[in-house]
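Shown next: model-v3.cif, containing mmCIF, N, CA and C atoms.
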data_protein
#
loop_
_atom_site.group_PDB
_atom_site.id
_atom_site.type_symbol
_atom_site.label_atom_id
_atom_site.label_comp_id
_atom_site.auth_asym_id
_atom_site.auth_seq_id
_atom_site.Cartn_x
_atom_site.Cartn_y
_atom_site.Cartn_z
ATOM 1 N N MET Y 460 0.809 -1.199 0.000
ATOM 2 C CA MET Y 460 0.000 0.000 0.000
ATOM 3 C C MET Y 460 0.854 1.266 0.000
ATOM 4 N N THR Y 461 2.124 1.134 0.234
ATOM 5 C CA THR Y 461 2.963 2.330 0.263
ATOM 6 C C THR Y 461 3.442 2.743 -1.115
ATOM 7 N N GLU Y 462 3.346 1.833 -2.082
ATOM 8 C CA GLU Y 462 3.776 2.169 -3.439
ATOM 9 C C GLU Y 462 2.594 2.730 -4.225
ATOM 10 N N PRO Y 463 2.774 3.874 -4.901
ATOM 11 C CA PRO Y 463 1.676 4.524 -5.617
ATOM 12 C C PRO Y 463 1.079 3.657 -6.732
ATOM 13 N N GLU Y 464 1.909 2.866 -7.425
ATOM 14 C CA GLU Y 464 1.390 2.032 -8.512
ATOM 15 C C GLU Y 464 0.433 0.970 -7.980
ATOM 16 N N ILE Y 465 0.786 0.374 -6.871
ATOM 17 C CA ILE Y 465 -0.078 -0.655 -6.290
ATOM 18 C C ILE Y 465 -1.374 -0.034 -5.780
ATOM 19 N N PHE Y 466 -1.276 1.110 -5.140
ATOM 20 C CA PHE Y 466 -2.459 1.780 -4.632
ATOM 21 C C PHE Y 466 -3.395 2.188 -5.775
ATOM 22 N N ALA Y 467 -2.830 2.699 -6.859
ATOM 23 C CA ALA Y 467 -3.639 3.076 -8.023
ATOM 24 C C ALA Y 467 -4.307 1.844 -8.626
ATOM 25 N N GLY Y 468 -3.581 0.742 -8.691
ATOM 26 C CA GLY Y 468 -4.168 -0.503 -9.199
ATOM 27 C C GLY Y 468 -5.309 -1.000 -8.326
ATOM 28 N N LEU Y 469 -5.143 -0.877 -7.017
ATOM 29 C CA LEU Y 469 -6.219 -1.275 -6.103
ATOM 30 C C LEU Y 469 -7.458 -0.411 -6.288
ATOM 31 N N LEU Y 470 -7.252 0.898 -6.449
ATOM 32 C CA LEU Y 470 -8.398 1.786 -6.670
ATOM 33 C C LEU Y 470 -9.117 1.460 -7.977
ATOM 34 N N LEU Y 471 -8.362 1.232 -9.033
ATOM 35 C CA LEU Y 471 -8.986 0.883 -10.322
ATOM 36 C C LEU Y 471 -9.698 -0.460 -10.234
ATOM 37 N N GLY Y 472 -9.085 -1.417 -9.573
ATOM 38 C CA GLY Y 472 -9.709 -2.730 -9.426
ATOM 39 C C GLY Y 472 -10.985 -2.667 -8.607
ATOM 40 N N ALA Y 473 -11.005 -1.836 -7.590
ATOM 41 C CA ALA Y 473 -12.204 -1.694 -6.767
ATOM 42 C C ALA Y 473 -13.309 -0.949 -7.520
ATOM 43 N N MET Y 474 -12.944 -0.140 -8.497
ATOM 44 C CA MET Y 474 -13.921 0.634 -9.251
ATOM 45 C C MET Y 474 -14.606 -0.194 -10.349
ATOM 46 N N LEU Y 475 -13.964 -1.225 -10.836
ATOM 47 C CA LEU Y 475 -14.483 -1.977 -11.982
ATOM 48 C C LEU Y 475 -15.880 -2.568 -11.773
ATOM 49 N N PRO Y 476 -16.197 -3.193 -10.643
ATOM 50 C CA PRO Y 476 -17.567 -3.708 -10.497
ATOM 51 C C PRO Y 476 -18.634 -2.624 -10.575
ATOM 52 N N TYR Y 477 -18.327 -1.451 -10.021
ATOM 53 C CA TYR Y 477 -19.292 -0.353 -10.073
ATOM 54 C C TYR Y 477 -19.435 0.186 -11.494
ATOM 55 N N LEU Y 478 -18.344 0.256 -12.212
ATOM 56 C CA LEU Y 478 -18.391 0.714 -13.598
ATOM 57 C C LEU Y 478 -19.171 -0.268 -14.468
ATOM 58 N N PHE Y 479 -18.919 -1.560 -14.279
ATOM 59 C CA PHE Y 479 -19.648 -2.583 -15.029
ATOM 60 C C PHE Y 479 -21.144 -2.513 -14.716
ATOM 61 N N SER Y 480 -21.479 -2.350 -13.443
ATOM 62 C CA SER Y 480 -22.890 -2.254 -13.053
ATOM 63 C C SER Y 480 -23.546 -1.022 -13.659
ATOM 64 N N ALA Y 481 -22.828 0.089 -13.682
ATOM 65 C CA ALA Y 481 -23.388 1.313 -14.260
ATOM 66 C C ALA Y 481 -23.650 1.144 -15.755
ATOM 67 N N PHE Y 482 -22.700 0.539 -16.475
ATOM 68 C CA PHE Y 482 -22.901 0.276 -17.903
ATOM 69 C C PHE Y 482 -24.111 -0.638 -18.118
ATOM 70 N N THR Y 483 -24.228 -1.659 -17.295
ATOM 71 C CA THR Y 483 -25.321 -2.621 -17.445
ATOM 72 C C THR Y 483 -26.667 -1.965 -17.172
ATOM 73 N N ILE Y 484 -26.756 -1.188 -16.106
ATOM 74 C CA ILE Y 484 -28.022 -0.524 -15.771
ATOM 75 C C ILE Y 484 -28.411 0.462 -16.866
ATOM 76 N N LYS Y 485 -27.449 1.188 -17.392
ATOM 77 C CA LYS Y 485 -27.730 2.133 -18.482
ATOM 78 C C LYS Y 485 -28.236 1.389 -19.718
ATOM 79 N N SER Y 486 -27.634 0.261 -20.027
ATOM 80 C CA SER Y 486 -28.043 -0.527 -21.189
ATOM 81 C C SER Y 486 -29.460 -1.055 -21.033
ATOM 82 N N VAL Y 487 -29.780 -1.547 -19.856
ATOM 83 C CA VAL Y 487 -31.122 -2.075 -19.611
ATOM 84 C C VAL Y 487 -32.149 -0.952 -19.706
ATOM 85 N N GLY Y 488 -31.818 0.215 -19.195
ATOM 86 C CA GLY Y 488 -32.734 1.348 -19.274
ATOM 87 C C GLY Y 488 -33.007 1.781 -20.705
ATOM 88 N N LYS Y 489 -31.963 1.805 -21.536
ATOM 89 C CA LYS Y 489 -32.149 2.182 -22.941
ATOM 90 C C LYS Y 489 -32.986 1.142 -23.684
ATOM 91 N N ALA Y 490 -32.751 -0.138 -23.387
ATOM 92 C CA ALA Y 490 -33.521 -1.196 -24.033
ATOM 93 C C ALA Y 490 -34.992 -1.130 -23.607
ATOM 94 N N ALA Y 491 -35.226 -0.878 -22.339
ATOM 95 C CA ALA Y 491 -36.602 -0.781 -21.848
ATOM 96 C C ALA Y 491 -37.322 0.409 -22.472
ATOM 97 N N MET Y 492 -36.614 1.519 -22.628
ATOM 98 C CA MET Y 492 -37.242 2.684 -23.240
ATOM 99 C C MET Y 492 -37.589 2.421 -24.702
ATOM 100 N N GLY Y 493 -36.743 1.698 -25.398
ATOM 101 C CA GLY Y 493 -37.066 1.323 -26.778
ATOM 102 C C GLY Y 493 -38.310 0.458 -26.856
ATOM 103 N N MET Y 494 -38.459 -0.444 -25.892
ATOM 104 C CA MET Y 494 -39.645 -1.306 -25.846
ATOM 105 C C MET Y 494 -40.897 -0.483 -25.541
ATOM 106 N N VAL Y 495 -40.794 0.459 -24.620
ATOM 107 C CA VAL Y 495 -41.937 1.315 -24.273
ATOM 108 C C VAL Y 495 -42.356 2.145 -25.485
ATOM 109 N N GLU Y 496 -41.403 2.684 -26.209
ATOM 110 C CA GLU Y 496 -41.732 3.462 -27.405
ATOM 111 C C GLU Y 496 -42.440 2.617 -28.451
ATOM 112 N N GLU Y 497 -41.992 1.372 -28.622
ATOM 113 C CA GLU Y 497 -42.640 0.484 -29.592
ATOM 114 C C GLU Y 497 -44.057 0.147 -29.158
ATOM 115 N N ILE Y 498 -44.255 -0.100 -27.888
ATOM 116 C CA ILE Y 498 -45.603 -0.412 -27.403
ATOM 117 C C ILE Y 498 -46.520 0.787 -27.590
ATOM 118 N N ARG Y 499 -46.022 1.977 -27.287
ATOM 119 C CA ARG Y 499 -46.834 3.184 -27.509
ATOM 120 C C ARG Y 499 -47.178 3.351 -28.978
ATOM 121 N N ARG Y 500 -46.210 3.084 -29.857
ATOM 122 C CA ARG Y 500 -46.453 3.204 -31.290
ATOM 123 C C ARG Y 500 -47.528 2.224 -31.731
ATOM 124 N N GLN Y 501 -47.441 0.987 -31.248
ATOM 125 C CA GLN Y 501 -48.428 -0.021 -31.631
ATOM 126 C C GLN Y 501 -49.818 0.336 -31.108
ATOM 127 N N LEU Y 502 -49.890 0.834 -29.893
ATOM 128 C CA LEU Y 502 -51.200 1.200 -29.337
ATOM 129 C C LEU Y 502 -51.807 2.383 -30.072
ATOM 130 N N LYS Y 503 -50.967 3.324 -30.487
ATOM 131 C CA LYS Y 503 -51.477 4.472 -31.235
ATOM 132 C C LYS Y 503 -51.931 4.064 -32.633
ATOM 133 N N ALA Y 504 -51.190 3.161 -33.263
ATOM 134 C CA ALA Y 504 -51.520 2.736 -34.620
ATOM 135 C C ALA Y 504 -52.716 1.791 -34.646
ATOM 136 N N ASN Y 505 -52.900 1.031 -33.576
ATOM 137 C CA ASN Y 505 -53.965 0.033 -33.562
ATOM 138 C C ASN Y 505 -54.605 -0.009 -32.174
ATOM 139 N N PRO Y 506 -55.609 0.828 -31.915
ATOM 140 C CA PRO Y 506 -56.239 0.872 -30.593
ATOM 141 C C PRO Y 506 -56.989 -0.411 -30.226
ATOM 142 N N GLY Y 507 -57.240 -1.282 -31.194
ATOM 143 C CA GLY Y 507 -57.929 -2.541 -30.921
ATOM 144 C C GLY Y 507 -57.120 -3.490 -30.057
ATOM 145 N N ILE Y 508 -55.862 -3.201 -29.861
ATOM 146 C CA ILE Y 508 -55.022 -4.042 -29.009
ATOM 147 C C ILE Y 508 -55.526 -4.003 -27.575
ATOM 148 N N LEU Y 509 -55.943 -2.831 -27.117
ATOM 149 C CA LEU Y 509 -56.404 -2.691 -25.728
ATOM 150 C C LEU Y 509 -57.693 -3.447 -25.453
ATOM 151 N N THR Y 510 -58.538 -3.562 -26.453
ATOM 152 C CA THR Y 510 -59.804 -4.265 -26.259
ATOM 153 C C THR Y 510 -59.696 -5.750 -26.572
ATOM 154 N N GLY Y 511 -58.586 -6.179 -27.096
ATOM 155 C CA GLY Y 511 -58.388 -7.587 -27.412
ATOM 156 C C GLY Y 511 -58.889 -7.985 -28.782
ATOM 157 N N GLU Y 512 -59.269 -7.018 -29.599
ATOM 158 C CA GLU Y 512 -59.765 -7.320 -30.942
ATOM 159 C C GLU Y 512 -58.645 -7.769 -31.871
ATOM 160 N N THR Y 513 -57.465 -7.199 -31.698
ATOM 161 C CA THR Y 513 -56.321 -7.562 -32.539
ATOM 162 C C THR Y 513 -55.126 -7.910 -31.653
ATOM 163 N N GLU Y 514 -54.235 -8.666 -32.219
ATOM 164 C CA GLU Y 514 -53.021 -9.067 -31.512
ATOM 165 C C GLU Y 514 -51.917 -8.036 -31.751
ATOM 166 N N PRO Y 515 -51.115 -7.760 -30.734
ATOM 167 C CA PRO Y 515 -49.966 -6.878 -30.958
ATOM 168 C C PRO Y 515 -48.883 -7.584 -31.758
ATOM 169 N N ASP Y 516 -47.948 -6.820 -32.281
ATOM 170 C CA ASP Y 516 -46.839 -7.372 -33.055
ATOM 171 C C ASP Y 516 -45.736 -7.790 -32.086
ATOM 172 N N TYR Y 517 -45.813 -9.020 -31.608
ATOM 173 C CA TYR Y 517 -44.851 -9.520 -30.631
ATOM 174 C C TYR Y 517 -43.457 -9.652 -31.235
ATOM 175 N N GLN Y 518 -43.386 -10.011 -32.496
ATOM 176 C CA GLN Y 518 -42.082 -10.216 -33.139
ATOM 177 C C GLN Y 518 -41.258 -8.931 -33.148
ATOM 178 N N ARG Y 519 -41.908 -7.814 -33.330
ATOM 179 C CA ARG Y 519 -41.191 -6.531 -33.333
ATOM 180 C C ARG Y 519 -40.602 -6.244 -31.948
ATOM 181 N N CYS Y 520 -41.366 -6.530 -30.907
ATOM 182 C CA CYS Y 520 -40.871 -6.318 -29.543
ATOM 183 C C CYS Y 520 -39.716 -7.265 -29.226
ATOM 184 N N ILE Y 521 -39.804 -8.493 -29.673
ATOM 185 C CA ILE Y 521 -38.719 -9.452 -29.460
ATOM 186 C C ILE Y 521 -37.468 -9.002 -30.210
ATOM 187 N N ALA Y 522 -37.646 -8.482 -31.416
ATOM 188 C CA ALA Y 522 -36.498 -7.994 -32.193
ATOM 189 C C ALA Y 522 -35.829 -6.819 -31.497
ATOM 190 N N ILE Y 523 -36.616 -5.909 -30.936
ATOM 191 C CA ILE Y 523 -36.050 -4.769 -30.215
ATOM 192 C C ILE Y 523 -35.274 -5.257 -28.999
ATOM 193 N N SER Y 524 -35.841 -6.181 -28.271
ATOM 194 C CA SER Y 524 -35.182 -6.711 -27.082
ATOM 195 C C SER Y 524 -33.882 -7.425 -27.433
ATOM 196 N N THR Y 525 -33.912 -8.238 -28.462
ATOM 197 C CA THR Y 525 -32.720 -8.976 -28.868
ATOM 198 C C THR Y 525 -31.628 -8.041 -29.369
ATOM 199 N N ARG Y 526 -31.999 -7.102 -30.231
ATOM 200 C CA ARG Y 526 -31.025 -6.166 -30.773
ATOM 201 C C ARG Y 526 -30.409 -5.318 -29.658
ATOM 202 N N SER Y 527 -31.240 -4.853 -28.750
ATOM 203 C CA SER Y 527 -30.731 -4.037 -27.651
ATOM 204 C C SER Y 527 -29.820 -4.834 -26.737
ATOM 205 N N SER Y 528 -30.186 -6.069 -26.462
ATOM 206 C CA SER Y 528 -29.350 -6.867 -25.560
ATOM 207 C C SER Y 528 -27.986 -7.141 -26.173
ATOM 208 N N LEU Y 529 -27.934 -7.323 -27.464
ATOM 209 C CA LEU Y 529 -26.646 -7.559 -28.109
ATOM 210 C C LEU Y 529 -25.843 -6.277 -28.272
ATOM 211 N N TYR Y 530 -26.480 -5.224 -28.748
ATOM 212 C CA TYR Y 530 -25.770 -3.987 -29.053
ATOM 213 C C TYR Y 530 -25.348 -3.243 -27.789
ATOM 214 N N GLU Y 531 -26.247 -3.136 -26.838
ATOM 215 C CA GLU Y 531 -25.971 -2.335 -25.650
ATOM 216 C C GLU Y 531 -24.969 -2.990 -24.709
ATOM 217 N N MET Y 532 -24.765 -4.285 -24.812
ATOM 218 C CA MET Y 532 -23.836 -4.953 -23.902
ATOM 219 C C MET Y 532 -22.422 -5.051 -24.475
ATOM 220 N N ILE Y 533 -22.167 -4.356 -25.573
ATOM 221 C CA ILE Y 533 -20.813 -4.370 -26.139
ATOM 222 C C ILE Y 533 -19.837 -3.686 -25.185
ATOM 223 N N ALA Y 534 -20.176 -2.500 -24.698
ATOM 224 C CA ALA Y 534 -19.260 -1.759 -23.809
ATOM 225 C C ALA Y 534 -18.957 -2.523 -22.519
ATOM 226 N N PRO Y 535 -19.970 -3.066 -21.800
ATOM 227 C CA PRO Y 535 -19.623 -3.839 -20.610
ATOM 228 C C PRO Y 535 -18.814 -5.084 -20.936
ATOM 229 N N GLY Y 536 -19.075 -5.695 -22.068
ATOM 230 C CA GLY Y 536 -18.303 -6.869 -22.468
ATOM 231 C C GLY Y 536 -16.860 -6.530 -22.750
ATOM 232 N N LEU Y 537 -16.632 -5.405 -23.411
ATOM 233 C CA LEU Y 537 -15.267 -4.965 -23.669
ATOM 234 C C LEU Y 537 -14.533 -4.601 -22.380
ATOM 235 N N LEU Y 538 -15.265 -4.021 -21.455
ATOM 236 C CA LEU Y 538 -14.679 -3.665 -20.165
ATOM 237 C C LEU Y 538 -14.183 -4.912 -19.442
ATOM 238 N N VAL Y 539 -14.976 -5.960 -19.456
ATOM 239 C CA VAL Y 539 -14.605 -7.200 -18.776
ATOM 240 C C VAL Y 539 -13.444 -7.885 -19.491
ATOM 241 N N ASN Y 540 -13.463 -7.877 -20.821
ATOM 242 C CA ASN Y 540 -12.413 -8.561 -21.581
ATOM 243 C C ASN Y 540 -11.064 -7.870 -21.495
ATOM 244 N N ASN Y 541 -11.051 -6.555 -21.285
ATOM 245 C CA ASN Y 541 -9.798 -5.817 -21.254
ATOM 246 C C ASN Y 541 -9.090 -5.892 -19.903
ATOM 247 N N PHE Y 542 -9.781 -6.307 -18.867
ATOM 248 C CA PHE Y 542 -9.133 -6.386 -17.559
ATOM 249 C C PHE Y 542 -9.121 -7.785 -17.145
#

Give the structure from the file, written as structure tokens.
Amino acid sequence: MTEPEIFAGLLLGAMLPYLFSAFTIKSVGKAAMGMVEEIRRQLKANPGILTGETEPDYQRCIAISTRSSLYEMIAPGLLVNNF
């Protein structure tokens, strides 16, 4: 602990879980917002969804979720792979 390089390494190492968690939470929030926007779009375009007259487009929501989970987790994945 008396050497500055070791102390700096300890601080960076202790920060990594919090940084990874922050990236993950941000990614989940962006993906959820994309899903909410799609649901709002579908409800506005087809009000019969609320009454059960028509089915919503589930495939579009699944595509948004899949794309977001893959794209948004690139930064946390790179963070883990580099250390």

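Closest approach to Val495 (chain Y) from the set Y:Leu475, Y:Phe482, Y:Glu512, Y:Cys520 is made by Y:Cys520, with distances taken over only C-alpha atoms.
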
TODO: Find the distance between CA of Glu514 (chain Y) and CA of Met492 (chain Y) and write it in Å to one decimal.
DONE: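 Straight-line distance from CA of Glu514 (chain Y) to CA of Met492 (chain Y) works out to 21.3 Å.
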
Task: Separation of CA of Arg499 (chain Y) from atom N of Lys485 (chain Y) in Å - done: 22.0 Å

Task: Two-atom distance - CA of Arg500 (chain Y), CA of Val487 (chain Y) (Å) - done: 20.0 Å

Open item on the list: Considering all atoms listed in the file, can you say which of Y:Ile498, Y:Ala490, Y:Ala467, Y:Ile508 comes closest to Ser528 (chain Y)?
Closed with: Y:Ala490

- [ ] Just list the residues in chain Y DSSP gives alpha helix (DSSP H) on the backbone, as a PyMOL selection string.
- [x] chain Y and resi 463-504+507-510+517-531+533-541

Open item on the list: Residues within 12 Å of Gln501 (chain Y), please, as a list in words. Count only C-alpha atoms; anything in the same chain fewer than 2 positions from it doesn't count.
Closed with: Met494, Val495, Glu496, Glu497, Ile498, Arg499, Lys503, Ala504, Asn505, Pro506, Gly507, Ile508, Leu509, Thr513, Glu514, Pro515, Asp516, Tyr517, Arg519 and Cys520 of chain Y
